[in-house]
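**Q** This is structure.cif, which holds mmCIF, C-alpha atoms:
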```
data_entry
#
loop_
_atom_site.group_PDB
_atom_site.id
_atom_site.type_symbol
_atom_site.label_atom_id
_atom_site.label_comp_id
_atom_site.auth_asym_id
_atom_site.auth_seq_id
_atom_site.Cartn_x
_atom_site.Cartn_y
_atom_site.Cartn_z
ATOM 1 C CA MET Z 526 4.589 -22.332 3.817
ATOM 2 C CA THR Z 527 3.174 -22.673 0.336
ATOM 3 C CA ALA Z 528 -0.090 -21.494 -1.122
ATOM 4 C CA SER Z 529 -3.199 -23.622 -1.089
ATOM 5 C CA ALA Z 530 -5.858 -23.497 -3.794
ATOM 6 C CA GLU Z 531 -9.303 -25.055 -3.840
ATOM 7 C CA LEU Z 532 -11.788 -25.441 -6.693
ATOM 8 C CA ARG Z 533 -15.476 -25.163 -5.797
ATOM 9 C CA GLY Z 534 -17.585 -25.456 -8.943
ATOM 10 C CA ASP Z 535 -17.059 -22.213 -10.844
ATOM 11 C CA GLU Z 536 -14.928 -20.685 -8.064
ATOM 12 C CA LEU Z 537 -11.236 -20.942 -7.251
ATOM 13 C CA ILE Z 538 -9.877 -19.771 -3.907
ATOM 14 C CA ALA Z 539 -6.152 -19.542 -3.175
ATOM 15 C CA LYS Z 540 -4.595 -18.527 0.146
ATOM 16 C CA ARG Z 541 -1.099 -17.782 1.390
ATOM 17 C CA HIS Z 542 0.442 -16.197 4.447
ATOM 18 C CA LEU Z 543 3.164 -13.755 3.457
ATOM 19 C CA PRO Z 544 5.940 -12.468 5.735
ATOM 20 C CA ALA Z 545 5.398 -8.866 4.634
ATOM 21 C CA GLU Z 546 3.153 -6.046 5.785
ATOM 22 C CA PRO Z 547 -0.107 -5.512 3.875
ATOM 23 C CA GLU Z 548 1.143 -2.294 2.251
ATOM 24 C CA ARG Z 549 4.023 -4.183 0.579
ATOM 25 C CA VAL Z 550 1.671 -6.921 -0.637
ATOM 26 C CA TRP Z 551 -0.711 -4.281 -1.985
ATOM 27 C CA ALA Z 552 2.162 -2.515 -3.755
ATOM 28 C CA ALA Z 553 3.180 -5.802 -5.370
ATOM 29 C CA PHE Z 554 -0.304 -6.181 -6.895
ATOM 30 C CA THR Z 555 -0.425 -2.585 -8.133
ATOM 31 C CA SER Z 556 3.128 -1.937 -9.378
ATOM 32 C CA PRO Z 557 3.923 -2.976 -12.974
ATOM 33 C CA ALA Z 558 7.497 -4.030 -12.110
ATOM 34 C CA SER Z 559 6.329 -6.209 -9.218
ATOM 35 C CA ILE Z 560 3.496 -7.758 -11.229
ATOM 36 C CA ALA Z 561 6.007 -8.697 -13.928
ATOM 37 C CA ALA Z 562 8.251 -10.275 -11.284
ATOM 38 C CA PHE Z 563 5.676 -12.749 -9.952
ATOM 39 C CA TRP Z 564 2.505 -12.989 -12.078
ATOM 40 C CA GLY Z 565 3.690 -15.838 -14.296
ATOM 41 C CA GLY Z 566 4.259 -18.113 -11.317
ATOM 42 C CA SER Z 567 6.161 -21.263 -12.210
ATOM 43 C CA HIS Z 568 4.552 -21.642 -15.630
ATOM 44 C CA ALA Z 569 5.229 -18.384 -17.513
ATOM 45 C CA THR Z 570 7.149 -15.124 -17.544
ATOM 46 C CA VAL Z 571 5.736 -11.626 -17.858
ATOM 47 C CA PRO Z 572 7.711 -9.071 -19.895
ATOM 48 C CA PRO Z 573 7.820 -5.933 -17.700
ATOM 49 C CA GLU Z 574 7.062 -3.650 -20.655
ATOM 50 C CA SER Z 575 3.782 -5.510 -21.263
ATOM 51 C CA VAL Z 576 2.225 -4.588 -17.904
ATOM 52 C CA ILE Z 577 -0.376 -1.792 -17.804
ATOM 53 C CA VAL Z 578 -1.875 -0.626 -14.506
ATOM 54 C CA ASP Z 579 -4.514 2.119 -14.569
ATOM 55 C CA LEU Z 580 -5.467 1.800 -10.898
ATOM 56 C CA ARG Z 581 -8.988 3.239 -10.766
ATOM 57 C CA PRO Z 582 -12.474 1.760 -11.137
ATOM 58 C CA GLY Z 583 -12.937 1.250 -14.873
ATOM 59 C CA GLY Z 584 -9.170 1.359 -15.437
ATOM 60 C CA GLU Z 585 -7.344 -1.336 -17.348
ATOM 61 C CA PHE Z 586 -4.952 -3.912 -15.952
ATOM 62 C CA ALA Z 587 -3.201 -5.906 -18.675
ATOM 63 C CA LEU Z 588 -0.109 -8.037 -19.188
ATOM 64 C CA ASP Z 589 1.419 -10.630 -21.481
ATOM 65 C CA THR Z 590 2.294 -14.102 -20.259
ATOM 66 C CA ARG Z 591 4.997 -16.004 -22.134
ATOM 67 C CA ALA Z 592 5.031 -19.796 -21.851
ATOM 68 C CA PRO Z 593 8.306 -21.765 -21.916
ATOM 69 C CA ASN Z 594 7.605 -22.663 -25.574
ATOM 70 C CA GLY Z 595 7.476 -18.934 -26.432
ATOM 71 C CA ALA Z 596 3.702 -18.705 -26.861
ATOM 72 C CA THR Z 597 2.454 -15.327 -25.650
ATOM 73 C CA ARG Z 598 -1.034 -14.583 -24.368
ATOM 74 C CA ARG Z 599 -2.423 -11.126 -23.572
ATOM 75 C CA LEU Z 600 -4.476 -10.958 -20.375
ATOM 76 C CA ARG Z 601 -6.740 -7.957 -19.916
ATOM 77 C CA PHE Z 602 -8.806 -6.988 -16.884
ATOM 78 C CA VAL Z 603 -10.889 -3.998 -15.785
ATOM 79 C CA TYR Z 604 -10.765 -2.753 -12.195
ATOM 80 C CA VAL Z 605 -14.165 -2.853 -10.486
ATOM 81 C CA SER Z 606 -13.271 -1.602 -6.999
ATOM 82 C CA ILE Z 607 -10.160 -0.552 -5.129
ATOM 83 C CA ALA Z 608 -9.961 -0.313 -1.338
ATOM 84 C CA ALA Z 609 -6.255 0.197 -0.650
ATOM 85 C CA PRO Z 610 -4.525 -1.641 0.903
ATOM 86 C CA HIS Z 611 -7.119 -4.331 1.644
ATOM 87 C CA GLU Z 612 -9.212 -5.274 -1.379
ATOM 88 C CA LEU Z 613 -8.802 -5.194 -5.137
ATOM 89 C CA VAL Z 614 -11.514 -6.435 -7.520
ATOM 90 C CA PHE Z 615 -11.162 -6.806 -11.272
ATOM 91 C CA ASP Z 616 -13.045 -8.524 -14.096
ATOM 92 C CA GLU Z 617 -11.873 -10.234 -17.258
ATOM 93 C CA PRO Z 618 -14.277 -8.703 -19.816
ATOM 94 C CA VAL Z 619 -14.338 -11.568 -22.337
ATOM 95 C CA THR Z 620 -15.216 -14.403 -19.921
ATOM 96 C CA GLY Z 621 -16.759 -12.469 -17.020
ATOM 97 C CA LEU Z 622 -14.230 -13.958 -14.580
ATOM 98 C CA ARG Z 623 -14.131 -11.837 -11.412
ATOM 99 C CA THR Z 624 -11.035 -11.812 -9.208
ATOM 100 C CA THR Z 625 -11.103 -10.438 -5.662
ATOM 101 C CA ILE Z 626 -7.811 -10.016 -3.813
ATOM 102 C CA ASN Z 627 -8.043 -9.627 -0.033
ATOM 103 C CA VAL Z 628 -5.024 -8.470 1.954
ATOM 104 C CA ARG Z 629 -5.303 -8.756 5.758
ATOM 105 C CA PRO Z 630 -2.700 -8.203 8.486
ATOM 106 C CA ALA Z 631 -2.009 -11.408 10.423
ATOM 107 C CA GLY Z 632 0.758 -12.900 12.509
ATOM 108 C CA GLY Z 633 3.379 -10.264 11.802
ATOM 109 C CA GLY Z 634 2.664 -10.449 8.080
ATOM 110 C CA THR Z 635 -0.265 -10.720 5.719
ATOM 111 C CA ASP Z 636 -2.935 -13.285 4.942
ATOM 112 C CA LEU Z 637 -3.661 -13.108 1.233
ATOM 113 C CA THR Z 638 -6.779 -14.599 -0.377
ATOM 114 C CA VAL Z 639 -7.420 -14.596 -4.110
ATOM 115 C CA HIS Z 640 -11.013 -15.548 -4.924
ATOM 116 C CA GLN Z 641 -11.970 -16.072 -8.542
ATOM 117 C CA ARG Z 642 -15.651 -16.375 -9.448
ATOM 118 C CA ARG Z 643 -17.433 -17.278 -12.675
ATOM 119 C CA LEU Z 644 -14.521 -19.400 -13.856
ATOM 120 C CA PRO Z 645 -14.914 -20.384 -17.493
ATOM 121 C CA PRO Z 646 -15.013 -24.181 -17.949
ATOM 122 C CA GLU Z 647 -11.419 -24.320 -19.247
ATOM 123 C CA LEU Z 648 -10.186 -22.899 -15.916
ATOM 124 C CA ARG Z 649 -12.096 -25.324 -13.683
ATOM 125 C CA THR Z 650 -9.085 -27.623 -13.483
ATOM 126 C CA THR Z 651 -6.446 -28.775 -11.051
ATOM 127 C CA ARG Z 652 -3.869 -27.238 -13.385
ATOM 128 C CA ALA Z 653 -5.509 -23.800 -13.032
ATOM 129 C CA ALA Z 654 -5.597 -24.180 -9.236
ATOM 130 C CA ASP Z 655 -1.934 -25.195 -9.189
ATOM 131 C CA GLY Z 656 -1.117 -22.246 -11.462
ATOM 132 C CA LEU Z 657 -2.794 -19.744 -9.153
ATOM 133 C CA ALA Z 658 -1.047 -21.263 -6.124
ATOM 134 C CA SER Z 659 2.299 -20.981 -7.944
ATOM 135 C CA ILE Z 660 1.634 -17.282 -8.580
ATOM 136 C CA LEU Z 661 1.129 -16.694 -4.844
ATOM 137 C CA ASP Z 662 4.302 -18.653 -4.087
ATOM 138 C CA ALA Z 663 6.180 -16.568 -6.673
ATOM 139 C CA LEU Z 664 4.802 -13.457 -4.962
ATOM 140 C CA ALA Z 665 6.251 -14.667 -1.652
ATOM 141 C CA THR Z 666 9.645 -15.197 -3.303
ATOM 142 C CA HIS Z 667 9.476 -11.758 -4.910
ATOM 143 C CA LEU Z 668 8.672 -10.098 -1.571
ATOM 144 C CA GLN Z 669 11.552 -11.939 0.140
ATOM 145 C CA ARG Z 670 13.988 -10.902 -2.602
ATOM 146 C CA SER Z 671 12.897 -7.270 -2.563
ATOM 147 C CA ASN Z 672 13.176 -7.241 1.242
ATOM 148 C CA ALA Z 673 16.710 -8.673 1.060
ATOM 149 C CA GLN Z 674 17.692 -6.069 -1.564
ATOM 150 C CA THR Z 675 16.342 -3.264 0.602
ATOM 151 C CA LYS Z 676 18.312 -4.546 3.612
ATOM 152 C CA ARG Z 677 21.539 -4.707 1.537
ATOM 153 C CA ARG Z 678 21.059 -1.066 0.451
ATOM 154 C CA THR Z 679 20.490 0.150 4.015
ATOM 155 C CA PRO Z 680 23.785 1.207 5.679
#
```
Using structure tokens, write down the structure that the file contains.
**A**
Amino acid sequence: MTASAELRGDELIAKRHLPAEPERVWAAFTSPASIAAFWGGSHATVPPESVIVDLRPGGEFALDTRAPNGATRRLRFVYVSIAAPHELVFDEPVTGLRTTINVRPAGGGTDLTVHQRRLPPELRTTRAADGLASILDALATHLQRSNAQTKRRTP
């Protein structure tokens, strides 16, 4: 299964079922190493050393994305609310973009919804929707790889 993403005016909603328990999905969104492994999706990479996670309301969440042409962009967010392991809300201070991540147990795994509100006009595009969907698909790949590595280490 792949992620789906839908634009609704100034909102973007992406969904994906993940074959991992909610606690692992939550950890992926709150661990710098995991964020670096999936956040760029299919369109960018994230240098692990660029990721900052100060997981508390008012704390900063920041990372660099590096495009295939080498262009780097710093993304910075501020955590609004944290309800582990089910909901994470953060704002992008410059544009006012609000992202809400919902993690819910379902079907032996997790239903993940990423809801972005107050999208700036430049992000109200099919390309932005496809980019967010690719991030959720990259998350699924990351979770599968980390699960396989854990199984190989277990005697």
**Q** On this file, the PyMOL selection byres ((chain Z and resi 527-535) around 9) gives some set of residues; write that set as a PyMOL selection string.
**A** chain Z and resi 526+536-542+641-646+648-651+654-655+657-662+665
**Q** Would you list the contacts of stretch 630-632 of chain Z as a ChimeraX atom specification, taking every protein, DNA or RNA residue within 6 Å and counting all atoms listed in the file, but skipping same-chain residues closer than 3 positions in sequence?
**A** /Z:547,635-636
**Q** Given the file shown, determine the residues that the PyMOL selection byres ((chain Z and resi 610) around 12) selects; report them as an mmCIF file with C-alpha atoms, in the coordinates of the input.
**A**
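Result saved to selection.cif:
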```cif
data_model
loop_
_atom_site.group_PDB
_atom_site.id
_atom_site.type_symbol
_atom_site.label_atom_id
_atom_site.label_comp_id
_atom_site.auth_asym_id
_atom_site.auth_seq_id
_atom_site.Cartn_x
_atom_site.Cartn_y
_atom_site.Cartn_z
ATOM 1 C CA GLU Z 546 3.153 -6.046 5.785
ATOM 2 C CA PRO Z 547 -0.107 -5.512 3.875
ATOM 3 C CA GLU Z 548 1.143 -2.294 2.251
ATOM 4 C CA ARG Z 549 4.023 -4.183 0.579
ATOM 5 C CA VAL Z 550 1.671 -6.921 -0.637
ATOM 6 C CA TRP Z 551 -0.711 -4.281 -1.985
ATOM 7 C CA ALA Z 552 2.162 -2.515 -3.755
ATOM 8 C CA ALA Z 553 3.180 -5.802 -5.370
ATOM 9 C CA PHE Z 554 -0.304 -6.181 -6.895
ATOM 10 C CA THR Z 555 -0.425 -2.585 -8.133
ATOM 11 C CA SER Z 606 -13.271 -1.602 -6.999
ATOM 12 C CA ILE Z 607 -10.160 -0.552 -5.129
ATOM 13 C CA ALA Z 608 -9.961 -0.313 -1.338
ATOM 14 C CA ALA Z 609 -6.255 0.197 -0.650
ATOM 15 C CA HIS Z 611 -7.119 -4.331 1.644
ATOM 16 C CA GLU Z 612 -9.212 -5.274 -1.379
ATOM 17 C CA LEU Z 613 -8.802 -5.194 -5.137
ATOM 18 C CA VAL Z 614 -11.514 -6.435 -7.520
ATOM 19 C CA ILE Z 626 -7.811 -10.016 -3.813
ATOM 20 C CA ASN Z 627 -8.043 -9.627 -0.033
ATOM 21 C CA VAL Z 628 -5.024 -8.470 1.954
ATOM 22 C CA ARG Z 629 -5.303 -8.756 5.758
ATOM 23 C CA PRO Z 630 -2.700 -8.203 8.486
ATOM 24 C CA THR Z 635 -0.265 -10.720 5.719
ATOM 25 C CA LEU Z 637 -3.661 -13.108 1.233
#
```
**Q** Take the PyMOL selection byres ((chain Z and resi 591) around 10), run it mentally on this structure, and tell me the resulting residues as a list in words.
**A**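 Taken over the shown coordinates, the PyMOL selection byres ((chain Z and resi 591) around 10) returns Gly565, His568, Ala569, Thr570, Val571, Pro572, Leu588, Asp589, Thr590, Ala592, Pro593, Asn594, Gly595, Ala596, Thr597, Arg598 and Arg599 of chain Z.
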**Q** Work out how far apart atom CA of Z:Phe586 and atom CA of Z:Phe602 are and give it in Å to one decimal.
**A**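 These atoms are spaced 5.0 Å apart.
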**Q** Which distance in Å separates atom CA of Z:Tyr604 and atom CA of Z:Val619, to one decimal?
**A** 13.9 Å
**Q** What is the atom CA of Z:Gly583-atom CA of Z:Leu543 distance in Å, reported with one decimal?
**A**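 Separation of atom CA of Z:Gly583 and atom CA of Z:Leu543: 28.6 Å.
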**Q** Using all atoms listed in the file, which of the listed residues (Z:Pro573, Z:Glu647, Z:Arg623, Z:Leu600) sits closest to Z:Glu585?
**A**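 Selected residue with least distance to Z:Glu585: Z:Leu600.
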**Q** So, with only C-alpha atoms as the atoms that count, which of Z:Leu580, Z:Val605, Z:Val639, Z:Ala562 lies closest to Z:His667?
**A**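 Closest to Z:His667, using only C-alpha atoms: Z:Ala562.
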**Q** Compare Z:Gly634, Z:Val603, Z:Leu622, Z:Pro544 by their minimum atom-to-atom distance to Z:Arg670, counting all atoms listed in the file, and give me the closest one.
**A**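 Closest candidate: Z:Pro544.
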